[in-house]
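Chemist: Please find query_15.tsv (TSV, C-alpha atoms) on the next line:
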```tsv
chain	number	residue	atom	x	y	z
A	11	MET	CA	239.85	120.21	30.90
A	12	ARG	CA	237.36	120.00	28.02
A	13	LEU	CA	235.29	116.88	27.39
A	14	VAL	CA	233.51	116.54	24.06
A	15	ILE	CA	231.41	113.54	23.08
A	16	ALA	CA	230.96	113.55	19.32
A	17	ARG	CA	230.30	111.31	16.37
A	18	CYS	CA	233.48	111.68	14.39
A	19	SER	CA	236.20	110.18	12.23
A	20	VAL	CA	239.89	110.81	12.84
A	21	ASP	CA	242.89	110.98	10.51
A	22	TYR	CA	246.51	111.23	11.68
A	23	ILE	CA	248.87	112.71	9.09
A	24	GLY	CA	252.58	112.61	9.85
A	25	ARG	CA	255.45	110.17	9.60
A	26	LEU	CA	252.75	107.51	9.38
A	27	THR	CA	249.06	107.77	8.53
A	28	ALA	CA	246.18	106.29	10.49
A	29	HIS	CA	242.40	106.44	10.12
A	30	LEU	CA	239.57	105.91	12.59
A	31	PRO	CA	236.19	105.50	10.87
A	32	MET	CA	233.06	107.37	11.94
A	33	ALA	CA	231.89	106.48	15.46
A	34	THR	CA	230.90	108.14	18.73
A	35	ARG	CA	234.00	108.99	20.76
A	36	LEU	CA	235.28	111.10	23.63
A	37	LEU	CA	237.54	114.00	22.64
A	38	LEU	CA	239.70	115.18	25.53
A	39	VAL	CA	241.43	118.57	25.46
A	40	LYS	CA	243.72	119.31	28.41
A	41	ALA	CA	245.01	122.63	29.70
A	42	ASP	CA	248.52	121.75	28.47
A	43	GLY	CA	247.15	121.77	24.89
A	44	SER	CA	247.16	118.00	24.35
A	45	VAL	CA	244.27	116.42	22.46
A	46	SER	CA	243.39	112.73	22.74
A	47	ILE	CA	240.68	110.54	21.22
A	48	HIS	CA	239.06	107.82	23.34
A	49	ALA	CA	236.66	104.92	22.79
A	50	ASP	CA	234.56	103.26	25.49
A	51	ASP	CA	237.18	100.56	26.11
A	52	ARG	CA	240.99	100.18	26.42
A	53	ALA	CA	240.87	101.62	29.96
A	54	TYR	CA	243.03	104.77	29.93
A	55	LYS	CA	244.83	104.40	26.59
A	56	PRO	CA	243.62	106.74	23.81
A	57	LEU	CA	242.98	105.62	20.24
A	58	ASN	CA	245.09	108.52	19.02
A	59	TRP	CA	246.47	111.74	20.45
A	60	MET	CA	248.62	114.81	19.86
A	61	SER	CA	251.04	115.88	22.56
A	62	PRO	CA	251.89	119.52	23.32
A	63	PRO	CA	253.05	121.90	22.12
A	64	CYS	CA	250.30	121.87	19.52
A	65	SER	CA	247.51	124.11	18.25
A	66	LEU	CA	243.80	123.36	17.85
A	67	LYS	CA	241.80	125.02	15.07
A	68	GLU	CA	238.04	124.48	15.09
A	69	ASP	CA	235.96	124.94	11.95
A	70	LEU	CA	232.41	123.99	12.94
A	71	THR	CA	228.99	125.03	11.72
A	72	ASP	CA	225.97	123.92	13.76
A	73	GLY	CA	228.16	121.40	15.57
A	74	ALA	CA	229.56	119.80	12.41
A	75	GLY	CA	232.91	120.33	10.73
A	76	THR	CA	236.56	119.70	11.61
A	77	TRP	CA	239.12	120.06	14.35
A	78	THR	CA	242.68	120.36	13.05
A	79	VAL	CA	245.38	119.74	15.64
A	80	THR	CA	248.93	120.55	14.51
A	81	ASN	CA	252.17	120.00	16.44
A	82	LYS	CA	255.53	121.76	16.06
A	83	ALA	CA	256.71	119.08	13.59
A	84	GLY	CA	253.77	119.79	11.27
A	85	GLU	CA	252.02	116.50	12.04
A	86	GLN	CA	248.24	116.78	12.12
A	87	LEU	CA	245.30	115.12	13.78
A	88	ILE	CA	242.18	115.91	11.75
A	89	VAL	CA	238.91	115.18	13.52
A	90	THR	CA	235.88	115.28	11.23
A	91	ILE	CA	232.83	115.84	13.41
A	92	GLU	CA	229.38	114.82	12.24
A	93	ALA	CA	227.54	115.78	15.43
A	94	VAL	CA	228.40	116.98	18.94
A	95	GLU	CA	226.39	115.29	21.70
A	96	HIS	CA	228.09	116.90	24.70
A	97	ASP	CA	230.67	119.68	25.24
A	98	TYR	CA	231.78	120.49	28.79
A	99	SER	CA	234.74	122.38	30.24
A	100	GLN	CA	236.02	122.40	33.83
A	101	GLU	CA	239.04	123.99	35.48
A	102	LEU	CA	240.87	121.32	37.50
A	103	GLY	CA	243.63	123.46	38.97
A	104	VAL	CA	247.15	122.30	39.78
A	105	ASP	CA	247.41	118.60	40.55
A	106	PRO	CA	249.80	117.60	43.37
A	107	GLY	CA	250.93	114.56	41.35
A	108	LEU	CA	251.25	110.88	42.16
A	109	GLN	CA	252.88	110.14	45.48
A	110	LYS	CA	254.90	106.95	45.37
A	111	ASP	CA	254.96	104.79	48.46
A	112	GLY	CA	258.12	104.85	50.55
A	113	VAL	CA	259.69	101.74	49.04
A	114	GLU	CA	259.16	102.82	45.42
A	115	ALA	CA	260.52	106.30	46.10
A	116	GLU	CA	263.58	104.83	47.83
A	117	LEU	CA	264.11	102.30	45.01
A	118	GLN	CA	264.08	105.16	42.53
A	119	ARG	CA	266.61	107.13	44.57
A	120	LEU	CA	268.93	104.16	45.01
A	121	LEU	CA	268.76	103.08	41.37
A	122	ALA	CA	269.53	106.65	40.30
A	123	LEU	CA	272.65	106.49	42.48
A	124	HIS	CA	273.56	103.00	41.23
A	125	VAL	CA	272.36	103.10	37.64
A	126	GLU	CA	275.06	100.58	36.75
A	127	THR	CA	272.67	98.03	38.27
A	128	PHE	CA	271.15	97.88	34.78
A	129	GLY	CA	274.50	97.26	33.12
A	130	PRO	CA	278.11	98.48	32.97
A	131	GLY	CA	278.60	101.82	31.29
A	132	TRP	CA	275.09	103.11	32.02
A	133	SER	CA	274.61	106.78	32.97
A	134	LEU	CA	271.71	108.76	34.38
A	135	VAL	CA	270.21	111.57	32.30
A	136	ARG	CA	267.54	112.63	34.80
A	137	ARG	CA	265.21	111.41	37.54
A	138	GLU	CA	261.50	112.16	37.08
A	139	TYR	CA	261.97	113.10	33.40
A	140	PRO	CA	258.87	115.19	32.57
A	141	THR	CA	256.43	114.24	29.81
A	142	ALA	CA	252.93	115.42	28.94
A	143	ILE	CA	251.43	112.33	30.61
A	144	GLY	CA	253.59	112.22	33.72
A	145	PRO	CA	257.23	111.84	34.77
A	146	VAL	CA	259.40	108.91	33.72
A	147	ASP	CA	261.13	107.51	36.83
A	148	LEU	CA	264.61	107.41	35.29
A	149	LEU	CA	265.85	108.46	31.88
A	150	CYS	CA	269.24	106.86	31.21
A	151	ARG	CA	271.75	106.05	28.51
A	152	ASP	CA	273.18	102.57	28.16
A	153	ALA	CA	276.81	101.74	27.35
A	154	ALA	CA	276.13	102.26	23.64
A	155	GLY	CA	274.62	105.69	24.26
A	156	ALA	CA	271.02	104.67	23.54
A	157	VAL	CA	268.28	106.39	25.55
A	158	VAL	CA	266.42	104.12	27.98
A	159	ALA	CA	263.29	104.91	29.99
A	160	VAL	CA	263.09	103.02	33.31
A	161	GLU	CA	259.82	102.50	35.19
A	162	ILE	CA	260.27	101.39	38.81
A	163	LYS	CA	257.68	99.53	40.89
A	164	ARG	CA	257.73	97.70	44.18
A	165	ARG	CA	255.60	94.98	42.59
A	166	GLY	CA	255.66	94.77	38.81
A	167	GLU	CA	252.22	94.15	37.33
A	168	ILE	CA	250.54	94.62	33.95
A	169	ASP	CA	249.44	98.19	34.67
A	170	GLY	CA	253.07	99.18	35.20
A	171	VAL	CA	254.00	97.76	31.79
A	172	GLU	CA	251.10	99.66	30.22
A	173	GLN	CA	252.32	102.85	31.91
A	174	LEU	CA	255.84	102.42	30.55
A	175	THR	CA	254.43	101.59	27.10
A	176	ARG	CA	252.61	104.95	27.04
A	177	TYR	CA	255.81	106.77	28.03
A	178	LEU	CA	257.76	105.00	25.28
A	179	GLU	CA	255.16	105.82	22.64
A	180	LEU	CA	255.40	109.48	23.59
A	181	LEU	CA	259.20	109.64	23.98
A	182	ASN	CA	259.74	107.96	20.62
A	183	ARG	CA	257.89	110.82	18.96
A	184	ASP	CA	260.77	113.11	19.98
A	185	PRO	CA	263.47	112.99	17.26
A	186	LEU	CA	266.06	114.20	19.79
A	187	LEU	CA	265.52	111.09	21.92
A	188	ALA	CA	264.33	108.33	19.57
A	189	PRO	CA	264.84	105.47	19.50
A	190	VAL	CA	264.04	105.04	23.20
A	191	LYS	CA	264.13	101.59	24.80
A	192	GLY	CA	262.35	100.55	27.98
A	193	VAL	CA	263.29	98.77	31.20
A	194	PHE	CA	260.69	97.63	33.76
A	195	ALA	CA	262.34	97.31	37.17
A	196	ALA	CA	260.72	95.93	40.32
A	197	GLN	CA	261.42	93.87	43.41
A	198	GLU	CA	258.99	91.28	42.07
A	199	ILE	CA	257.62	91.02	38.53
A	200	LYS	CA	254.43	89.03	37.93
A	201	PRO	CA	254.69	86.40	35.15
A	202	GLN	CA	251.90	88.02	33.12
A	203	ALA	CA	253.63	91.40	33.32
A	204	ARG	CA	256.94	89.87	32.24
A	205	VAL	CA	255.32	88.20	29.21
A	206	LEU	CA	253.62	91.47	28.18
A	207	ALA	CA	256.83	93.46	28.63
A	208	LEU	CA	258.93	91.08	26.58
A	209	ASP	CA	256.25	91.00	23.86
A	210	ARG	CA	256.58	94.80	23.63
A	211	GLY	CA	260.37	94.76	23.56
A	212	ILE	CA	260.72	95.97	27.14
A	213	ASP	CA	263.47	94.45	29.31
A	214	CYS	CA	262.61	93.30	32.83
A	215	VAL	CA	265.00	93.68	35.77
A	216	THR	CA	264.35	92.31	39.25
A	217	VAL	CA	266.08	94.49	41.84
A	218	ASP	CA	267.09	93.59	45.40
A	219	TYR	CA	266.18	96.43	47.73
A	220	ALA	CA	268.40	95.19	50.55
A	221	VAL	CA	271.46	94.91	48.32
A	222	LEU	CA	270.86	98.40	46.94
A	223	LYS	CA	270.66	99.76	50.49
A	224	GLY	CA	273.93	98.02	51.29
A	225	THR	CA	272.37	96.13	54.19
A	226	ASP	CA	272.65	92.71	52.64
A	227	ASP	CA	275.81	90.92	51.51
A	228	PRO	CA	274.91	88.22	48.93
A	229	SER	CA	278.23	86.43	49.61
A	230	ALA	CA	277.18	85.82	53.22
A	231	ARG	CA	273.99	83.95	52.31
A	232	LEU	CA	273.68	80.22	52.90
A	233	PHE	CA	271.08	79.91	50.14
```
For the structure just supplied, provide its representation as structure tokens.
Modeler:
Amino acid sequence: MRLVIARCSVDYIGRLTAHLPMATRLLLVKADGSVSIHADDRAYKPLNWMSPPCSLKEDLTDGAGTWTVTNKAGEQLIVTIEAVEHDYSQELGVDPGLQKDGVEAELQRLLALHVETFGPGWSLVRREYPTAIGPVDLLCRDAAGAVVAVEIKRRGEIDGVEQLTRYLELLNRDPLLAPVKGVFAAQEIKPQARVLALDRGIDCVTVDYAVLKGTDDPSARLF
């Protein structure tokens, strides 16, 4: 992990173009080759980034110059550095990964077995589909064959929607998968999370753990 604090501007050149004017920012270079640009807000979401596989070419003189990050599609992230204030590297080693609690892990397993819960004709591509920023709980195809990323939570809150949003932004950069839709599935979804999800084009599905386990028969309920 390399952390660089620098006064810089950033230009993304690819299918779209984007420009960040000169300011002091955090440049994060991970061992997997990814490069991301962060401001001192927005929690964990970068201002811009390049996912691996990509290459980083540095052309600096006395701390000033450019970083050119290029991915396999030829897209580039050009960081023009005016001054470097801090440059630190640290080996983090292998991370054991996020451990879901028992209910979330079981929900994921059951929904993978009963993916038709999301709709008739759905099929499972893979559980724990790997990405550069973490695994997607379920990658599926709907009845029309479209790719759908499913994030599963016991309790659906705003941070879960943000997590799925980051996965979708990354997956939709892959021409072999795009366009990728999103589904946010949970036993309970908070109203604020539902509003945010719908605003971002993400479908929300409330799942019944007991029904999935086969321990509850809805037809036998009085209410």
Chemist: For CA of Gly155 (chain A) and CA of Val190 (chain A), determine how far apart the two atoms are, in Å to one decimal place.
Modeler: 10.7 Å
Chemist: Find the spatial neighbours of Arg137 (chain A), counting all atoms listed in the file, within a cut-off of 8 Å - ignore same-chain residues fewer than 4 positions away - and output them as a list in words.
Modeler: Ala122, Val146, Asp147, Leu148 and Leu149 of chain A
Chemist: Find the residues near region 172-174 of chain A: any atom within 12 Å, counting only C-alpha atoms, skip ones fewer than 6 places away on the same chain, and give them as number ranges by chain.
Modeler: A: 52-55, 141, 143-149, 158-163, 166, 180-181, 190-195, 203-204, 206-207, 209-214
Chemist: Find the spatial neighbours of Gln86 (chain A), counting only C-alpha atoms, within a cut-off of 12 Å - ignore same-chain residues fewer than 6 positions away - and output them as an mmCIF file with C-alpha atoms, in the frame of the given file.
Modeler:
```cif
data_model
loop_
_atom_site.group_PDB
_atom_site.id
_atom_site.type_symbol
_atom_site.label_atom_id
_atom_site.label_comp_id
_atom_site.auth_asym_id
_atom_site.auth_seq_id
_atom_site.Cartn_x
_atom_site.Cartn_y
_atom_site.Cartn_z
ATOM 1 C CA VAL A 20 239.890 110.810 12.840
ATOM 2 C CA ASP A 21 242.890 110.980 10.510
ATOM 3 C CA TYR A 22 246.510 111.230 11.680
ATOM 4 C CA ILE A 23 248.870 112.710 9.090
ATOM 5 C CA GLY A 24 252.580 112.610 9.850
ATOM 6 C CA ARG A 25 255.450 110.170 9.600
ATOM 7 C CA LEU A 26 252.750 107.510 9.380
ATOM 8 C CA THR A 27 249.060 107.770 8.530
ATOM 9 C CA ALA A 28 246.180 106.290 10.490
ATOM 10 C CA VAL A 45 244.270 116.420 22.460
ATOM 11 C CA ASN A 58 245.090 108.520 19.020
ATOM 12 C CA TRP A 59 246.470 111.740 20.450
ATOM 13 C CA MET A 60 248.620 114.810 19.860
ATOM 14 C CA SER A 61 251.040 115.880 22.560
ATOM 15 C CA CYS A 64 250.300 121.870 19.520
ATOM 16 C CA SER A 65 247.510 124.110 18.250
ATOM 17 C CA LEU A 66 243.800 123.360 17.850
ATOM 18 C CA LYS A 67 241.800 125.020 15.070
ATOM 19 C CA TRP A 77 239.120 120.060 14.350
ATOM 20 C CA THR A 78 242.680 120.360 13.050
ATOM 21 C CA VAL A 79 245.380 119.740 15.640
ATOM 22 C CA THR A 80 248.930 120.550 14.510
#
```
Chemist: Near Thr90 (chain A), within 10 Å and counting all atoms listed in the file, which residues show up once chain neighbours fewer than 6 positions away are dropped, as a short mmCIF file (atom, residue, chain, number, x, y, z; two decimals) with C-alpha atoms, in the frame of the given file?
Modeler:
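The resulting selection20.cif:
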```
data_model
loop_
_atom_site.label_atom_id
_atom_site.label_comp_id
_atom_site.auth_asym_id
_atom_site.auth_seq_id
_atom_site.Cartn_x
_atom_site.Cartn_y
_atom_site.Cartn_z
CA ALA A 16 230.96 113.55 19.32
CA ARG A 17 230.30 111.31 16.37
CA CYS A 18 233.48 111.68 14.39
CA SER A 19 236.20 110.18 12.23
CA VAL A 20 239.89 110.81 12.84
CA ASP A 21 242.89 110.98 10.51
CA PRO A 31 236.19 105.50 10.87
CA MET A 32 233.06 107.37 11.94
CA ASP A 69 235.96 124.94 11.95
CA LEU A 70 232.41 123.99 12.94
CA ALA A 74 229.56 119.80 12.41
CA GLY A 75 232.91 120.33 10.73
CA THR A 76 236.56 119.70 11.61
CA TRP A 77 239.12 120.06 14.35
CA THR A 78 242.68 120.36 13.05
#
```
Chemist: Select, from A:Leu121, A:Val89, A:Val221, A:Ala142, the residue with the minimum atom-to-atom distance to Arg176 (chain A), counting all atoms listed in the file.
Modeler: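 With all atoms listed in the file as the atom set, the closest residue is A:Ala142.
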Chemist: Could you check the closest approach to Ala188 (chain A) for each of A:Leu120, A:Val215, A:Val157, A:Val135 and tell me which residue wins, using all atoms listed in the file?
Modeler: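 Checking each candidate against Ala188 (chain A), we get A:Val157 as the closest.
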Chemist: Name all residues at most 12 Å from Glu95 (chain A) (count only C-alpha atoms; drop same-chain ones fewer than 4 positions away) and give them as a PyMOL selection string.
Modeler: chain A and resi 13-18+34-37+72-74+91
Chemist: Could you tell me how far CA of Met11 (chain A) lies from CA of Tyr177 (chain A), in Å and to one decimal?
Modeler: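 CA of Tyr177 (chain A) lies 21.1 Å from CA of Met11 (chain A).
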Chemist: Rounded to one decimal place, report the CA of Leu222 (chain A)-CA of Ala156 (chain A) distance in Å.
Modeler: 24.2 Å
Chemist: With distances taken over all atoms listed in the file, which of A:Pro185, A:Pro130, A:Gly224, A:Gly43 is nearest to Ala83 (chain A)?
Modeler: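 Closest to Ala83 (chain A) of all the choices is A:Pro185.
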Chemist: Could you check which of A:Leu102, A:Gln197, A:Pro62, A:Asp97 is closest to Asp42 (chain A), using all atoms listed in the file?
Modeler: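 Smallest distance to Asp42 (chain A) is found for A:Pro62.
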Chemist: May I have the residues at most 12 Å from (269.1, 106.5, 49.9) in the file's coordinates, counting only C-alpha atoms, as number ranges by chain?
Modeler: A: 112-124, 219-225
Chemist: Measuring between only C-alpha atoms, which one of A:Glu198, A:Glu101, A:Asp169, A:Asp152 shows the shortest distance to Ala41 (chain A)?
Modeler: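 The closest residue to Ala41 (chain A) is A:Glu101.
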Chemist: Would you be able to write out as an NGL selection string which residues have an atom within 7 Å of (237.9, 105.2, 18.4) in the file's coordinates, counting only C-alpha atoms?
Modeler: :A and (30 or 33 or 35 or 47-49 or 57)
Chemist: Could I see region 139-150 of chain A restored to all heavy atoms, set down as a short mmCIF file (atom, residue, chain, number, x, y, z; two decimals), in the frame of the given file?
Modeler:
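The resulting file, selection.cif, is reproduced below:
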```
data_model
loop_
_atom_site.label_atom_id
_atom_site.label_comp_id
_atom_site.auth_asym_id
_atom_site.auth_seq_id
_atom_site.Cartn_x
_atom_site.Cartn_y
_atom_site.Cartn_z
N TYR A 139 261.91 112.38 34.69
CA TYR A 139 261.97 113.10 33.40
C TYR A 139 260.54 113.48 32.98
O TYR A 139 259.68 112.62 32.84
CB TYR A 139 262.62 112.23 32.33
CG TYR A 139 262.80 112.93 31.01
CD1 TYR A 139 263.92 113.72 30.77
CD2 TYR A 139 261.85 112.81 30.00
CE1 TYR A 139 264.09 114.37 29.57
CE2 TYR A 139 262.00 113.46 28.79
CZ TYR A 139 263.13 114.24 28.58
OH TYR A 139 263.28 114.90 27.39
N PRO A 140 260.25 114.77 32.80
CA PRO A 140 258.87 115.19 32.57
C PRO A 140 258.37 114.86 31.16
O PRO A 140 259.09 115.02 30.18
CB PRO A 140 258.93 116.71 32.79
CG PRO A 140 260.33 117.08 32.44
CD PRO A 140 261.19 115.91 32.87
N THR A 141 257.12 114.41 31.09
CA THR A 141 256.43 114.24 29.81
C THR A 141 255.02 114.80 29.98
O THR A 141 254.59 115.11 31.09
CB THR A 141 256.33 112.76 29.38
OG1 THR A 141 255.30 112.11 30.15
CG2 THR A 141 257.65 112.03 29.56
N ALA A 142 254.29 114.87 28.89
CA ALA A 142 252.93 115.42 28.94
C ALA A 142 251.97 114.52 29.71
O ALA A 142 250.90 114.97 30.12
CB ALA A 142 252.41 115.62 27.51
N ILE A 143 252.33 113.25 29.92
CA ILE A 143 251.43 112.33 30.61
C ILE A 143 251.99 111.88 31.96
O ILE A 143 251.49 110.95 32.57
CB ILE A 143 251.11 111.10 29.74
CG1 ILE A 143 252.39 110.38 29.31
CG2 ILE A 143 250.29 111.51 28.53
CD1 ILE A 143 252.14 109.09 28.54
N GLY A 144 253.03 112.56 32.43
CA GLY A 144 253.59 112.22 33.72
C GLY A 144 255.09 112.00 33.63
O GLY A 144 255.65 111.86 32.54
N PRO A 145 255.77 111.97 34.78
CA PRO A 145 257.23 111.84 34.77
C PRO A 145 257.70 110.39 34.62
O PRO A 145 257.13 109.48 35.23
CB PRO A 145 257.63 112.40 36.14
CG PRO A 145 256.46 112.12 37.01
CD PRO A 145 255.24 112.23 36.13
N VAL A 146 258.73 110.20 33.82
CA VAL A 146 259.40 108.91 33.72
C VAL A 146 260.35 108.78 34.91
O VAL A 146 261.11 109.72 35.20
CB VAL A 146 260.19 108.80 32.40
CG1 VAL A 146 260.95 107.48 32.32
CG2 VAL A 146 259.26 108.96 31.21
N ASP A 147 260.33 107.66 35.61
CA ASP A 147 261.13 107.51 36.83
C ASP A 147 262.59 107.84 36.59
O ASP A 147 263.16 108.69 37.26
CB ASP A 147 261.00 106.08 37.38
CG ASP A 147 259.65 105.84 38.02
OD1 ASP A 147 258.99 106.82 38.41
OD2 ASP A 147 259.24 104.67 38.13
N LEU A 148 263.21 107.15 35.63
CA LEU A 148 264.61 107.41 35.29
C LEU A 148 264.76 107.45 33.78
O LEU A 148 264.23 106.58 33.08
CB LEU A 148 265.54 106.33 35.83
CG LEU A 148 265.56 106.03 37.33
CD1 LEU A 148 266.55 104.90 37.62
CD2 LEU A 148 265.90 107.26 38.13
N LEU A 149 265.45 108.46 33.28
CA LEU A 149 265.85 108.46 31.88
C LEU A 149 267.36 108.28 31.87
O LEU A 149 268.09 109.05 32.50
CB LEU A 149 265.45 109.76 31.19
CG LEU A 149 265.52 109.69 29.65
CD1 LEU A 149 264.38 108.82 29.13
CD2 LEU A 149 265.42 111.08 29.02
N CYS A 150 267.82 107.24 31.17
CA CYS A 150 269.24 106.86 31.21
C CYS A 150 269.79 106.71 29.80
O CYS A 150 269.05 106.77 28.81
CB CYS A 150 269.39 105.51 31.94
SG CYS A 150 268.69 105.47 33.60
#
```
